[in-house]
Amino acid sequence: MRYILASLLLCATAALGQVELQDTLLTRSTIAGGTASNLLISSGTWGQSPFVLGNLSLGSSGEVATGTGGVISFGTVGSVVGRISVGTGGLVLAGGTAGIVTVGSAGSIFIPNNGSVSQPSIVFSGRGTNYGFYSANPSRLNVTVAGVDVATFWSDGAFYAGSNGEIRSPSTAGSFSINGDVILRRSAAAVWQVGTNHATTATNQMVKSMDVTTGTGGALTISGGNAATGTGGAGILRGGTGSVVNGPVYIQTGTVVRIRIDPDGQIYFPGLQTSAGSTGAIYSNGGVLTLSP
């Protein structure tokens, strides 16, 4: 049997007691629970909760709502999982302070509308109708704020920031980590740091270019900034500072150190050739720096 209801008010009062609706169709109607009352949407056994409703269908503009502190529960009563269907314009509301919508064990909330950036399918209505989540295509889940894409999560695990492409940490202690051993973080204003600080143990870090299977590996360029009308920025390579002594600077080819510059300014050429090479190349001629002719 079906009942066509204009409006049904369910109040947590002794006078009303319990209300049971089985296979009920609500069209342009409202079921409302008063303050701190509960609505249990379930094909459960009569008498097991204040309100026991069977499979409930909301047509156009139908609504299920609770007041302050109310609960709408989609769960299991008597081992039977309840169901609620919301049609075009239908609403399920847990309003007021501490309103809750819960889904029981193995329960799901199905949203047939994929939504859009301006009309997301999961909406934070207290902010506006264009704040929430939607799915732009089968491979993406999007977050929209004020009708603007701010984040996209892809099915392959990729994450994209919004239209400005910025990924921001709200804290100066934030970091970006891959596998827990490659870490990029902020050391100071406008300073990138590779690795995480440690009280006693230093972990050596490396920044490198790409590998290739056949051919020449990718070059790595670290450059000062360009200036449209002034002087270009300097390229600076330096060792770290220390309370006892500053660190040296090494220049290597492969694993061989060719030049070492110590903190006191002394420069060493441990890997310098001892015979003339190509024109202009420096070599050690019996301890004397010489240009190859």
# chains A, B, ... in the order shown; residues from 1 in each chain; ligands from 1
call {"tool": "residues_around", "arguments": {"residues": "segment 195-210 of chain A", "least_positions_apart": "3", "cutoff": "8 Å", "atoms": "only C-alpha atoms", "output": "PyMOL selection string"}}
result
chain A and resi 181-185+217-220
call {"tool": "write_last_selection", "arguments": {"atoms": "N, CA and C atoms", "output": "mmCIF file, in the first residue's frame"}}
result
data_model
loop_
_atom_site.group_PDB
_atom_site.id
_atom_site.type_symbol
_atom_site.label_atom_id
_atom_site.label_comp_id
_atom_site.auth_asym_id
_atom_site.auth_seq_id
_atom_site.Cartn_x
_atom_site.Cartn_y
_atom_site.Cartn_z
ATOM 1 N N ASP A 181 61.655 8.963 1.489
ATOM 2 C CA ASP A 181 63.099 9.187 1.508
ATOM 3 C C ASP A 181 63.541 10.284 0.545
ATOM 4 N N VAL A 182 62.638 10.765 -0.296
ATOM 5 C CA VAL A 182 62.908 11.935 -1.129
ATOM 6 C C VAL A 182 61.971 13.028 -0.642
ATOM 7 N N ILE A 183 62.540 14.051 -0.011
ATOM 8 C CA ILE A 183 61.735 15.046 0.687
ATOM 9 C C ILE A 183 62.165 16.448 0.260
ATOM 10 N N LEU A 184 61.200 17.244 -0.157
ATOM 11 C CA LEU A 184 61.426 18.659 -0.450
ATOM 12 C C LEU A 184 60.687 19.473 0.591
ATOM 13 N N ARG A 185 61.371 20.470 1.161
ATOM 14 C CA ARG A 185 60.744 21.271 2.194
ATOM 15 C C ARG A 185 61.318 22.691 2.187
ATOM 16 N N GLY A 217 72.421 11.089 -21.511
ATOM 17 C CA GLY A 217 71.532 11.475 -20.421
ATOM 18 C C GLY A 217 71.207 12.951 -20.453
ATOM 19 N N GLY A 218 70.138 13.333 -19.763
ATOM 20 C CA GLY A 218 69.709 14.717 -19.762
ATOM 21 C C GLY A 218 70.670 15.624 -19.007
ATOM 22 N N ALA A 219 70.897 16.820 -19.546
ATOM 23 C CA ALA A 219 71.751 17.808 -18.894
ATOM 24 C C ALA A 219 71.012 18.433 -17.718
ATOM 25 N N LEU A 220 71.757 18.901 -16.725
ATOM 26 C CA LEU A 220 71.180 19.582 -15.575
ATOM 27 C C LEU A 220 71.773 20.978 -15.506
#
call {"tool": "closest_residue", "arguments": {"among": "A:Ile261, A:Leu289, A:Ala158, A:Ala227", "to": "Thr274 of chain A", "atoms": "only C-alpha atoms"}}
result
A:Leu289
call {"tool": "closest_residue", "arguments": {"among": "A:Ile122, A:Val256, A:Ala228, A:Leu141", "to": "Ile109 of chain A", "atoms": "only C-alpha atoms"}}
result
A:Ile122
call {"tool": "residues_around", "arguments": {"residues": "Thr144 of chain A", "least_positions_apart": "6", "cutoff": "8 Å", "atoms": "only C-alpha atoms", "output": "list in words"}}
result
Val117, Ser118, Pro120, Asn130, Tyr131, Gly132, Phe133, Tyr134, Val150 and Ala151 of chain A
call {"tool": "closest_residue", "arguments": {"among": "A:Phe269, A:Val143, A:Val257, A:Arg186", "to": "Val288 of chain A", "atoms": "only C-alpha atoms"}}
result
A:Phe269
call {"tool": "closest_atom_pairs", "arguments": {"of": "segment 262-290 of chain A", "to": "segment 235-246 of chain A", "cutoff": "9 Å", "atoms": "only C-alpha atoms", "output": "tab-separated table"}}
result
residue	atom	partner	partner_atom	distance
A:Asp262	CA	A:Asn246	CA	8.5
A:Pro263	CA	A:Asn246	CA	5.8
A:Asp264	CA	A:Asn246	CA	8.9
call {"tool": "write_last_selection", "arguments": {"atoms": "N, CA and C atoms", "output": "compact mmCIF listing (two decimals), in the first residue's frame"}}
result
# COMPACT_ATOMS: atom_id res chain seq x y z
N ASP A 262 88.48 24.56 -0.77
CA ASP A 262 88.33 24.50 0.68
C ASP A 262 87.82 25.82 1.24
N PRO A 263 87.27 25.80 2.45
CA PRO A 263 86.73 27.03 3.05
C PRO A 263 87.78 28.14 3.22
N ASP A 264 89.06 27.77 3.34
CA ASP A 264 90.10 28.79 3.51
C ASP A 264 90.54 29.39 2.19
call {"tool": "atom_distance", "arguments": {"atom1": "atom CA of Asn142 of chain A", "atom2": "atom CA of Ala161 of chain A"}}
result
10.1 Å
call {"tool": "select_by_dssp", "arguments": {"residues": "segment 235-273 of chain A", "states": "strand (DSSP E)", "output": "JSON, numbers by chain"}}
result
{"A": [249, 250, 251, 252, 253, 256, 257, 258, 259, 260, 261, 267, 268]}
call {"tool": "write_last_selection", "arguments": {"atoms": "N, CA and C atoms", "output": "compact mmCIF listing (two decimals), in the first residue's frame"}}
result
# COMPACT_ATOMS: atom_id res chain seq x y z
N VAL A 249 83.69 22.81 -1.46
CA VAL A 249 82.94 22.62 -2.70
C VAL A 249 83.73 21.67 -3.58
N TYR A 250 83.06 20.66 -4.09
CA TYR A 250 83.68 19.68 -4.98
C TYR A 250 83.05 19.78 -6.36
N ILE A 251 83.88 19.60 -7.38
CA ILE A 251 83.39 19.47 -8.75
C ILE A 251 83.89 18.13 -9.27
N GLN A 252 82.95 17.28 -9.69
CA GLN A 252 83.29 15.93 -10.12
C GLN A 252 82.86 15.69 -11.56
N THR A 253 83.52 14.74 -12.20
CA THR A 253 83.01 14.12 -13.41
C THR A 253 82.86 12.65 -13.09
N VAL A 256 84.82 10.93 -9.96
CA VAL A 256 86.17 11.47 -9.78
C VAL A 256 86.10 12.95 -9.47
N VAL A 257 86.73 13.35 -8.35
CA VAL A 257 86.79 14.76 -7.98
C VAL A 257 87.85 15.44 -8.84
N ARG A 258 87.47 16.47 -9.58
CA ARG A 258 88.41 17.20 -10.43
C ARG A 258 88.90 18.48 -9.76
N ILE A 259 88.00 19.14 -9.01
CA ILE A 259 88.37 20.39 -8.33
C ILE A 259 87.78 20.38 -6.94
N ARG A 260 88.58 20.79 -5.95
CA ARG A 260 88.08 20.96 -4.59
C ARG A 260 88.47 22.34 -4.10
N ILE A 261 87.48 23.06 -3.60
CA ILE A 261 87.73 24.41 -3.06
C ILE A 261 87.44 24.36 -1.56
N ILE A 267 92.55 25.96 -3.47
CA ILE A 267 91.91 25.23 -4.57
C ILE A 267 92.82 24.07 -4.96
N TYR A 268 92.23 22.90 -5.04
CA TYR A 268 92.97 21.69 -5.39
C TYR A 268 92.42 21.10 -6.68
call {"tool": "atom_distance", "arguments": {"atom1": "atom CA of Gly265 of chain A", "atom2": "atom CA of Gly287 of chain A"}}
result
19.0 Å
call {"tool": "atom_distance", "arguments": {"atom1": "atom CA of Phe153 of chain A", "atom2": "atom CA of Ser139 of chain A"}}
result
8.4 Å
call {"tool": "residues_around", "arguments": {"residues": "Ser275 of chain A", "least_positions_apart": "3", "cutoff": "12 Å", "atoms": "only C-alpha atoms", "output": "list of chain:residue names"}}
result
A:Leu272, A:Ser278, A:Thr279, A:Ala281, A:Ile282, A:Tyr283, A:Ser284, A:Asn285, A:Gly286, A:Gly287, A:Val288, A:Leu289, A:Thr290, A:Leu291, A:Ser292, A:Pro293
call {"tool": "write_last_selection", "arguments": {"atoms": "N, CA and C atoms", "output": "CSV table (one decimal), in the first residue's frame"}}
result
chain,number,residue,atom,x,y,z
A,272,LEU,N,93.4,16.4,-12.0
A,272,LEU,CA,93.9,17.1,-13.1
A,272,LEU,C,94.8,16.2,-14.0
A,278,SER,N,93.4,18.5,-25.4
A,278,SER,CA,92.9,19.4,-26.4
A,278,SER,C,93.3,20.8,-26.2
A,279,THR,N,93.3,21.6,-27.3
A,279,THR,CA,93.8,23.0,-27.2
A,279,THR,C,93.0,23.8,-26.1
A,281,ALA,N,93.0,23.1,-22.9
A,281,ALA,CA,92.8,22.4,-21.7
A,281,ALA,C,93.9,22.6,-20.7
A,282,ILE,N,93.6,22.6,-19.4
A,282,ILE,CA,94.6,22.8,-18.4
A,282,ILE,C,95.1,21.4,-18.0
A,283,TYR,N,96.5,21.3,-17.8
A,283,TYR,CA,97.0,20.1,-17.3
A,283,TYR,C,98.2,20.4,-16.3
A,284,SER,N,98.6,19.4,-15.6
A,284,SER,CA,99.7,19.6,-14.6
A,284,SER,C,101.0,19.2,-15.3
A,285,ASN,N,101.9,20.2,-15.5
A,285,ASN,CA,103.2,19.9,-16.2
A,285,ASN,C,104.2,20.0,-15.1
A,286,GLY,N,104.4,18.8,-14.4
A,286,GLY,CA,105.3,18.8,-13.3
A,286,GLY,C,105.0,19.7,-12.2
A,287,GLY,N,103.7,19.8,-11.9
A,287,GLY,CA,103.2,20.7,-10.8
A,287,GLY,C,102.9,22.1,-11.2
A,288,VAL,N,103.1,22.4,-12.5
A,288,VAL,CA,102.8,23.8,-13.0
A,288,VAL,C,101.6,23.7,-13.9
A,289,LEU,N,100.6,24.5,-13.6
A,289,LEU,CA,99.4,24.6,-14.4
A,289,LEU,C,99.7,25.1,-15.8
A,290,THR,N,99.4,24.3,-16.8
A,290,THR,CA,99.8,24.7,-18.2
A,290,THR,C,98.6,24.5,-19.1
A,291,LEU,N,98.5,25.4,-20.1
A,291,LEU,CA,97.4,25.3,-21.1
A,291,LEU,C,97.9,24.5,-22.3
A,292,SER,N,97.1,23.5,-22.7
A,292,SER,CA,97.5,22.7,-23.8
A,292,SER,C,97.5,23.6,-25.1
A,293,PRO,N,98.6,23.5,-25.9
A,293,PRO,CA,98.7,24.3,-27.1
A,293,PRO,C,97.7,23.9,-28.2
